[in-house]
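All remarks here apply to the structure that follows.
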Amino acid sequence: MARTDRLMRLMNALRRLPAPVTAARLADETGVSARQLYRDIATLRAGGALIDGAPGLGYVLTEDPALPPQSFSRLEIEALMLAMGGLAQIGDPELQRAGQDALGRIIATLPDRQARQASHAIMRSWRAPATRPPVTVDLALLRHACWEERGLTIRYLDLRDRLSEREIWPLGLSYSDNTLALLAFCQLRQDYRVFHACRIQQVAENGESFRPRRVALLDAYRRSGG
């Protein structure tokens, strides 16, 4: 892992994990030895991060120079905590981790009083565990293709168990308790289709770009009542 990426991951862990964080936990989060972890802590401190603690005691990030100060109302803080808590029920570990990292960066910029409010929010999100069938293809690839407006070739088993190969323009992902759906423009049908991600057997980028058509396609889909 590149040094810059490792230090960024360490900062994210300090922001996200309950303090004080042990050196062993931080080393595990960043994939380095304890000796390297201590060197990385020293590097961050030299760069201006105020990190309290020492080996054997754990570490606390008390001032983060990389993030500007900001302020939220108490209700806004509750709304953020509620929204991020809901990610735990989505069943997408990578997305959940990203939400935790983002929330950690937000909390790190709050004044002490508001940071304490975030730690003791009164609202919690709870839903019954999702009953979605498992997805076997790479969700990161689906997200990337949507963001970058890259065409995909998929092998798809429809609800009647008929297998077909499709060239699609992926537009967005929709999470529910029962399914994870991919909205796409299907080149075969020349129309919008919703594919159940759990029934996609294979997926690969096909080298086609549909930039900058994604926004226009989504607008047209919404106007059609989709």
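Ligands are numbered from 1 in the order shown, residues from 1 within each chain, and chains are lettered A, B, ... in the order they appear in the structure tokens.
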Inset, instruction - Might you pull out every residue within 7 Å of Ala197 of chain A, with only C-alpha atoms counted and same-chain residues fewer than 2 positions away left off, and present them as a count of residues only? - result: 7
Inset, instruction - Write down as an NGL selection string the residues belonging to segment 97-211 of chain A that are assigned helix (DSSP H, G or I) by DSSP computed on the backbone. - result: :A and (97-108 or 112-119 or 139-148 or 197-199)
For those residues, write C-alpha atoms to a file as a CSV table (one decimal), in the first residue's frame.
```
chain,number,residue,atom,x,y,z
A,97,ARG,CA,-17.4,1.2,5.8
A,98,ALA,CA,-17.4,4.3,3.5
A,99,GLY,CA,-20.3,5.7,5.5
A,100,GLN,CA,-18.4,5.2,8.8
A,101,ASP,CA,-15.3,6.9,7.4
A,102,ALA,CA,-17.4,9.9,6.2
A,103,LEU,CA,-19.2,10.2,9.5
A,104,GLY,CA,-15.9,10.0,11.3
A,105,ARG,CA,-14.5,12.9,9.3
A,106,ILE,CA,-17.6,15.0,9.9
A,107,ILE,CA,-17.5,14.4,13.7
A,108,ALA,CA,-13.8,15.2,13.8
A,112,ASP,CA,-16.4,19.4,21.5
A,113,ARG,CA,-20.0,19.9,22.6
A,114,GLN,CA,-21.5,18.8,19.3
A,115,ALA,CA,-19.1,15.9,19.0
A,116,ARG,CA,-20.4,14.7,22.4
A,117,GLN,CA,-24.0,15.1,21.0
A,118,ALA,CA,-23.1,12.8,18.1
A,119,SER,CA,-21.7,10.2,20.5
A,139,LEU,CA,-20.7,-4.5,-6.5
A,140,ALA,CA,-17.7,-2.1,-6.7
A,141,LEU,CA,-17.6,-2.7,-10.5
A,142,LEU,CA,-21.3,-1.9,-10.8
A,143,ARG,CA,-20.9,1.3,-8.8
A,144,HIS,CA,-17.9,2.4,-10.8
A,145,ALA,CA,-19.6,1.7,-14.1
A,146,CYS,CA,-22.6,3.9,-13.0
A,147,TRP,CA,-20.3,6.7,-11.8
A,148,GLU,CA,-18.1,6.7,-14.8
A,197,ALA,CA,-28.3,-7.9,-8.9
A,198,CYS,CA,-28.5,-11.4,-7.3
A,199,ARG,CA,-29.4,-12.8,-10.7
```
Inset, instruction - Run DSSP on the backbone of this structure and report the residues of segment 31-192 of chain A it assigns to strand (DSSP E), as number ranges by chain. - result: A: 50-54, 58-63, 150-157, 163-175, 180-186, 191-192
Could you write out the selected residues, including N, CA and C atoms, as a CSV table (one decimal), in the first residue's frame?
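The new file again_30.csv reads:
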```csv
chain,number,residue,atom,x,y,z
A,50,LEU,N,-3.0,16.6,16.0
A,50,LEU,CA,-2.9,16.5,17.4
A,50,LEU,C,-3.4,15.1,17.9
A,51,ILE,N,-2.5,14.2,18.1
A,51,ILE,CA,-2.9,12.8,18.5
A,51,ILE,C,-2.4,12.6,19.9
A,52,ASP,N,-3.3,12.5,20.9
A,52,ASP,CA,-2.9,12.2,22.3
A,52,ASP,C,-2.8,10.7,22.4
A,53,GLY,N,-2.0,10.3,23.4
A,53,GLY,CA,-1.8,8.9,23.7
A,53,GLY,C,-0.4,8.4,23.5
A,54,ALA,N,-0.2,7.1,23.8
A,54,ALA,CA,1.1,6.5,23.7
A,54,ALA,C,0.9,5.0,23.6
A,58,GLY,N,-3.3,3.7,24.1
A,58,GLY,CA,-4.3,4.0,23.0
A,58,GLY,C,-4.1,5.4,22.6
A,59,TYR,N,-4.8,5.7,21.5
A,59,TYR,CA,-4.6,7.0,20.8
A,59,TYR,C,-6.0,7.7,20.6
A,60,VAL,N,-6.0,9.1,20.7
A,60,VAL,CA,-7.2,9.9,20.5
A,60,VAL,C,-6.8,11.0,19.6
A,61,LEU,N,-7.5,11.2,18.5
A,61,LEU,CA,-7.3,12.3,17.6
A,61,LEU,C,-8.1,13.5,18.1
A,62,THR,N,-7.4,14.5,18.7
A,62,THR,CA,-8.1,15.6,19.3
A,62,THR,C,-8.1,16.9,18.4
A,63,GLU,N,-7.3,16.9,17.4
A,63,GLU,CA,-7.4,18.0,16.4
A,63,GLU,C,-6.9,17.5,15.1
A,150,ARG,N,-19.9,3.8,-17.9
A,150,ARG,CA,-19.2,2.8,-18.7
A,150,ARG,C,-20.2,1.7,-19.0
A,151,GLY,N,-20.2,1.3,-20.2
A,151,GLY,CA,-21.1,0.2,-20.6
A,151,GLY,C,-20.7,-1.2,-20.0
A,152,LEU,N,-21.6,-2.1,-19.8
A,152,LEU,CA,-21.3,-3.4,-19.2
A,152,LEU,C,-21.9,-4.5,-20.1
A,153,THR,N,-21.2,-5.6,-20.1
A,153,THR,CA,-21.8,-6.8,-20.6
A,153,THR,C,-22.1,-7.7,-19.5
A,154,ILE,N,-23.4,-8.2,-19.4
A,154,ILE,CA,-23.8,-9.0,-18.3
A,154,ILE,C,-24.4,-10.3,-18.8
A,155,ARG,N,-24.2,-11.4,-18.0
A,155,ARG,CA,-25.0,-12.6,-18.2
A,155,ARG,C,-26.1,-12.6,-17.2
A,156,TYR,N,-27.3,-12.7,-17.6
A,156,TYR,CA,-28.4,-12.5,-16.6
A,156,TYR,C,-29.4,-13.6,-16.7
A,157,LEU,N,-29.8,-14.1,-15.5
A,157,LEU,CA,-30.8,-15.2,-15.4
A,157,LEU,C,-32.1,-14.5,-14.9
A,163,LEU,N,-31.5,-17.6,-19.4
A,163,LEU,CA,-30.2,-17.0,-19.4
A,163,LEU,C,-30.0,-16.2,-20.7
A,164,SER,N,-29.5,-15.0,-20.5
A,164,SER,CA,-29.2,-14.2,-21.7
A,164,SER,C,-28.0,-13.3,-21.5
A,165,GLU,N,-27.4,-12.8,-22.6
A,165,GLU,CA,-26.3,-11.9,-22.4
A,165,GLU,C,-26.8,-10.5,-22.9
A,166,ARG,N,-26.5,-9.5,-22.1
A,166,ARG,CA,-27.0,-8.2,-22.4
A,166,ARG,C,-25.9,-7.1,-22.4
A,167,GLU,N,-26.0,-6.2,-23.3
A,167,GLU,CA,-25.1,-5.0,-23.3
A,167,GLU,C,-26.0,-3.9,-22.7
A,168,ILE,N,-25.5,-3.3,-21.6
A,168,ILE,CA,-26.3,-2.3,-20.9
A,168,ILE,C,-25.5,-1.1,-20.5
A,169,TRP,N,-26.3,0.0,-20.3
A,169,TRP,CA,-25.7,1.2,-19.7
A,169,TRP,C,-26.3,1.3,-18.3
A,170,PRO,N,-25.4,1.1,-17.3
A,170,PRO,CA,-25.9,1.1,-15.9
A,170,PRO,C,-26.2,2.5,-15.4
A,171,LEU,N,-27.3,2.8,-14.8
A,171,LEU,CA,-27.7,4.1,-14.4
A,171,LEU,C,-27.7,4.3,-12.9
A,172,GLY,N,-28.0,3.3,-12.1
A,172,GLY,CA,-28.1,3.4,-10.6
A,172,GLY,C,-28.5,2.2,-10.0
A,173,LEU,N,-28.2,2.1,-8.7
A,173,LEU,CA,-28.5,1.0,-7.8
A,173,LEU,C,-29.6,1.4,-6.8
A,174,SER,N,-30.5,0.4,-6.5
A,174,SER,CA,-31.6,0.7,-5.6
A,174,SER,C,-31.6,-0.5,-4.6
A,175,TYR,N,-31.5,-0.1,-3.3
A,175,TYR,CA,-31.5,-1.1,-2.2
A,175,TYR,C,-32.9,-1.2,-1.6
A,180,LEU,N,-31.6,-6.1,-4.3
A,180,LEU,CA,-30.7,-5.0,-4.8
A,180,LEU,C,-30.9,-4.9,-6.3
A,181,ALA,N,-31.4,-3.8,-6.8
A,181,ALA,CA,-31.7,-3.7,-8.2
A,181,ALA,C,-30.8,-2.7,-8.9
A,182,LEU,N,-30.5,-3.1,-10.2
A,182,LEU,CA,-29.7,-2.2,-11.0
A,182,LEU,C,-30.6,-1.7,-12.2
A,183,LEU,N,-30.8,-0.4,-12.2
A,183,LEU,CA,-31.5,0.3,-13.3
A,183,LEU,C,-30.5,0.5,-14.4
A,184,ALA,N,-30.9,0.1,-15.6
A,184,ALA,CA,-30.0,0.2,-16.7
A,184,ALA,C,-30.8,0.5,-18.0
A,185,PHE,N,-30.1,1.0,-19.0
A,185,PHE,CA,-30.7,1.1,-20.4
A,185,PHE,C,-30.2,-0.1,-21.1
A,186,CYS,N,-31.1,-1.0,-21.5
A,186,CYS,CA,-30.7,-2.2,-22.2
A,186,CYS,C,-30.6,-2.0,-23.7
A,191,ASP,N,-34.5,0.0,-24.3
A,191,ASP,CA,-35.5,0.5,-23.3
A,191,ASP,C,-34.8,0.3,-21.9
A,192,TYR,N,-35.5,0.9,-20.9
A,192,TYR,CA,-35.0,0.7,-19.5
A,192,TYR,C,-35.4,-0.6,-19.0
```
Legend entry - Counting only C-alpha atoms, the residue of A:Asp40, A:Ala83, A:Arg15, A:Arg193 that sits nearest Thr109 of chain A: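 The shortest atom-to-atom distance to Thr109 of chain A comes from A:Arg15.
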